[in-house]
Structure formats: structure tokens, C-alpha cells
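First comes the structure, then the notes that go with it.
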Amino acid sequence: MAGEKTRLLKRALIDLLLLLVVLSFMVPAASATITVEHLDSDSEMYDLIENEAFTAHAWIANNDVSTGGGRYGGGNHELKLCGGDNENDGDTADYCWGSGKTEPFILSYDQNSGNVTFEICEKTLSYTLPSDESFTDLFIRGNAKCNSRIHIENLNLNGQEVGRNIAFEGDNPEVDILWIKNIDPCLRNGFTLEGNLTMSWTGDKPPTGQDLSMKIKAATIKSQDIPEFSTIAVPVIAVLGLIGVFGRRRN
């Protein structure tokens with residue numbers, strides 16, 4: 001009788017471990033932990049991006065309230081919020097930057113309405129994300145050339161400190177990018193990114209166009225080869241448990 005109970009108990013344990021293995025592959029791990037990586041070039045960023053959902057722009061352009069043609073700055077608008085990286089469409093605004101003046105900004109996305117808002121320089125730009133668009137990661141890009149400096153600091157995502165900043169001047173480096181990753185689907189459920197942008201320059205004339213700029217991209221990235229630890233740990237533990245059970249049965 002005792003032997004039969006032991007056999008049934010082992011059988012139940014095996015069934016439970018098999019169920020854990022199956023569930024571990026059916027349910028992906030979700031983590032709200034903010035993971036940030038620095039990228040040194042646009043090529044690194046675009047090698048990662050599969051599709052861009054929307055982009056918020058803040059650049060020097062012609063640093064004037066007058067708009068018009070021009071090959072830089074999306075028609076010389078200093079502020080823009082648009083789908084993907086389309087510089088010829090989207091919500092725009094003009095602004096005269098002050099050298100060394102810090103401008104707080106808020107980029108937010110509401111899942112229910114699909115509405116994206118970009119608040120900066122006491123202006124609010126809006127964009128509605130199409131229902132068939134999606135994103136998984138954020139890229140914050142700073143650019144400064146020649147006699148300019150850029151600082152993107154005090155970044156906060158959904159109430160958590162990002163813990164990394166962008167701060168450099170001149171041509172070395174010319175571009176710095178923060179890749180905020182491994183927080184999907186938390187981003188698509190709605191997010192608020194806050195921070196401070198300071199652009200400054202020396203001399204009488206500021207840079208022009210996109211030579212001094214910030215871009216924030218929401219994008220879907222290409223499949224990564226290395227899975228998260230939690231997706232590996234549960235199957236491994238379950239398999240080890242099965243090995244242990246069968247080993248005891250043989251003994």
C-alpha cells in the first residue's frame with residue numbers, strides 16, 4: 001500500500017513538472033525593470049529597429065518663429081511629433097531656443113485612445129498612433145556639432161528613474177543614444193517619459209538644422225537571439241527535477 005502511494009505521488013510530481021515546462025514556453029516573461037544601454041551611432045540604432053511607430057523631435061532648425069522651406073529641420077519647425085521618422089508630416093511648432101536654457105519635456109502615450117502627446121517649451125504636440133502600429137522600445141538620441149552642447153537629464157519613465165543621461169559637446173562624440181529596452185509590454189500599455197533638455201552654444205550664431213537636436217523614437221526592434229533569464233530558468237529547473245525523479249525511480 002505504501003509503495004502504491006509513493007508511485008502515485010511520484011506520478012503527480014512528474015505531471016506537475018511537465019505542466020511547468022509547457023507553461024514556461026507558453027507564457028512569456030514580463031518585466032517592468034528599466035534596462036538602458038548606450039549606443040554610439042545611428043547605424044547601431046537602425047540595425048536594431050524593425051519599425052518606427054512615432055518620433056518626437058526638438059532641434060535647433062533656424063531658431064526662429066518664421067517657418068518656410070529648407071532642407072533641415074523639417075521645414076524649419078523646431079518642434080515636431082510624427083509617425084516614424086517622417087519629417088514632412090505630423091504636428092509642428094516653432095520656438096526660439098535660448099542658449100543654456102533648460103526646457104522640461106513630457107512624452108506620453110495613452111493606450112485606450114492611441115493618443116501621443118509631446119509637451120515641451122510650453123507647447124503641446126499631438127499624434128494619434130494607428131491601431132495597426134505597435135512598439136516595444138524607446139530610443140533617446142542627442143546630437144551636437146561644432147560649437148554646441150546638449151544635455152538630456154533627469155529622465156523618469158512611469159515614475160521610475162531611468163538612471164542614465166546624455167551630456168556632451170562638440171564633435172566628439174557627435175551622437176549619443178540611450179536605448180531603453182526590455183520593458184515591453186509595459187510601454188504599449190501606456191507610458192509617460194519625463195526629462196530636461198538643455199541645448200547651448202558658444203558664439204553669436206547657433207547651429208542650424210539638426211546639428212543640435214533631440215529625438216525620441218518609439219519603435220519595434222528586431223528579434224533578439226538571447227532570451228531573458230526567466231524564460232530559461234523555469235524549463236531548466238523543471239527538466240532537472242524530472243531527471244532527479246527518474247534517477248530516484250531507477251535506484
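Ordered as shown in the C-alpha cells, chains take letters A, B, and onward, while each chain numbers its residues from 1 and ligands are numbered from 1 in the order shown.
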
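Counting only C-alpha atoms, Lys145 of chain A has the following residues at most 7 Å away, ignoring those fewer than 6 positions along the same chain: A:Gly170, A:Asp171, A:Glu174, A:Asp211, A:Leu212.
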
* **Asn154 of chain A surroundings by only C-alpha atoms, 10 Å radius, close-in-sequence under 4 positions cut, as an NGL selection string** => :A and (104 or 161-166 or 194-197)

* To do: Could you please write out, as number ranges by chain, every residue of segment 27-177 of chain A that DSSP assigns to alpha helix (DSSP H)?
  => A: 42-48, 73-76

Can you write just those residues out, C-alpha atoms, as a PDB file, in the first residue's frame?
```pdb
ATOM      1  CA  ASP A  42      22.835  55.930 -35.715  1.00  0.00           C
ATOM      2  CA  SER A  43      23.867  52.767 -37.520  1.00  0.00           C
ATOM      3  CA  GLU A  44      23.755  50.829 -34.237  1.00  0.00           C
ATOM      4  CA  MET A  45      20.248  52.136 -33.574  1.00  0.00           C
ATOM      5  CA  TYR A  46      18.876  51.444 -37.035  1.00  0.00           C
ATOM      6  CA  ASP A  47      20.410  47.967 -37.043  1.00  0.00           C
ATOM      7  CA  LEU A  48      18.165  47.242 -34.053  1.00  0.00           C
ATOM      8  CA  GLY A  73      14.647  70.716 -39.515  1.00  0.00           C
ATOM      9  CA  GLY A  74      11.512  69.589 -41.327  1.00  0.00           C
ATOM     10  CA  GLY A  75      10.717  72.960 -42.910  1.00  0.00           C
ATOM     11  CA  ASN A  76      12.466  74.874 -40.129  1.00  0.00           C
TER      12      ASN A  76
END
```

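Here the question is which of A:Trp179, A:Phe135, A:Phe191, A:Trp97 gets nearest to Thr117 of chain A using only C-alpha atoms, and that residue is A:Phe191.
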
* Asked: With only C-alpha atoms as the basis for distance, which of A:Ile150, A:Leu81, A:Cys96, A:Ile14 is at the shortest distance from Asn63 of chain A?
  -> A:Cys96

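Distances here use only C-alpha atoms; by that measure, the residue among A:Leu138, A:Ala167, A:Cys121, A:Val65 closest to Lys215 of chain A is A:Leu138.
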
* **Selection near Ile120 of chain A, 8 Å with only C-alpha atoms, sequence-local residues under 6 positions removed, as a ChimeraX atom specification** => /A:103-106

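Nearest residue to Ser223 of chain A among A:Gln210, A:Asn51, A:Thr35, A:Gln111 is A:Asn51, counting only C-alpha atoms.
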
* To do: Write out as a PyMOL selection string which residues come within 6 Å of Ser99 of chain A when counting only C-alpha atoms, dropping same-chain ones fewer than 2 positions away.
  => chain A and resi 101+200-201

Restricting the output to N, CA and C atoms, write the selected residues as a JSON list (two decimals), in the first residue's frame.
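part-v3.json, freshly written:
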```json
[["chain", "number", "residue", "atom", "x", "y", "z"],
["A", 101, "LYS", "N", 19.36, 77.39, -21.71],
["A", 101, "LYS", "CA", 18.07, 77.36, -21.01],
["A", 101, "LYS", "C", 17.55, 75.93, -20.96],
["A", 200, "SER", "N", 22.87, 74.35, -25.80],
["A", 200, "SER", "CA", 23.63, 75.59, -25.68],
["A", 200, "SER", "C", 24.73, 75.63, -26.72],
["A", 201, "TRP", "N", 25.26, 76.84, -26.95],
["A", 201, "TRP", "CA", 26.29, 77.03, -27.96],
["A", 201, "TRP", "C", 27.13, 78.25, -27.60]]
```

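Take the candidates A:Met214, A:Ile221, A:Leu187, A:Ala144 and check each one against Ala56 of chain A using only C-alpha atoms; the shortest distance goes to A:Met214.
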
* To do: Can you check which residues of segment 48-199 of chain A DSSP gives as strand (DSSP E or B) on the backbone and send them as JSON, numbers by chain?
  => {"A": [49, 50, 51, 52, 53, 54, 55, 56, 57, 58, 59, 60, 61, 79, 80, 81, 82, 83, 91, 92, 93, 102, 103, 104, 105, 106, 107, 108, 109, 115, 116, 117, 118, 119, 120, 123, 124, 125, 126, 127, 128, 137, 138, 139, 140, 141, 142, 143, 144, 148, 149, 150, 151, 152, 153, 154, 155, 156, 157, 160, 161, 166, 167, 168, 169, 175, 176, 177, 178, 179, 180, 181, 191, 192, 193, 194, 195, 196, 197, 198, 199]}

* To do: Write out as a PyMOL selection string the residues lying within 6 Å of Ala53 of chain A, counting only C-alpha atoms and excluding same-chain residues fewer than 6 positions away.
  => chain A and resi 83-84+218-219

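Considering the residues A:Asn189, A:Asp176, A:Asn62, A:Lys181 and counting only C-alpha atoms, Arg141 of chain A has its shortest atom-to-atom contact with A:Asp176.
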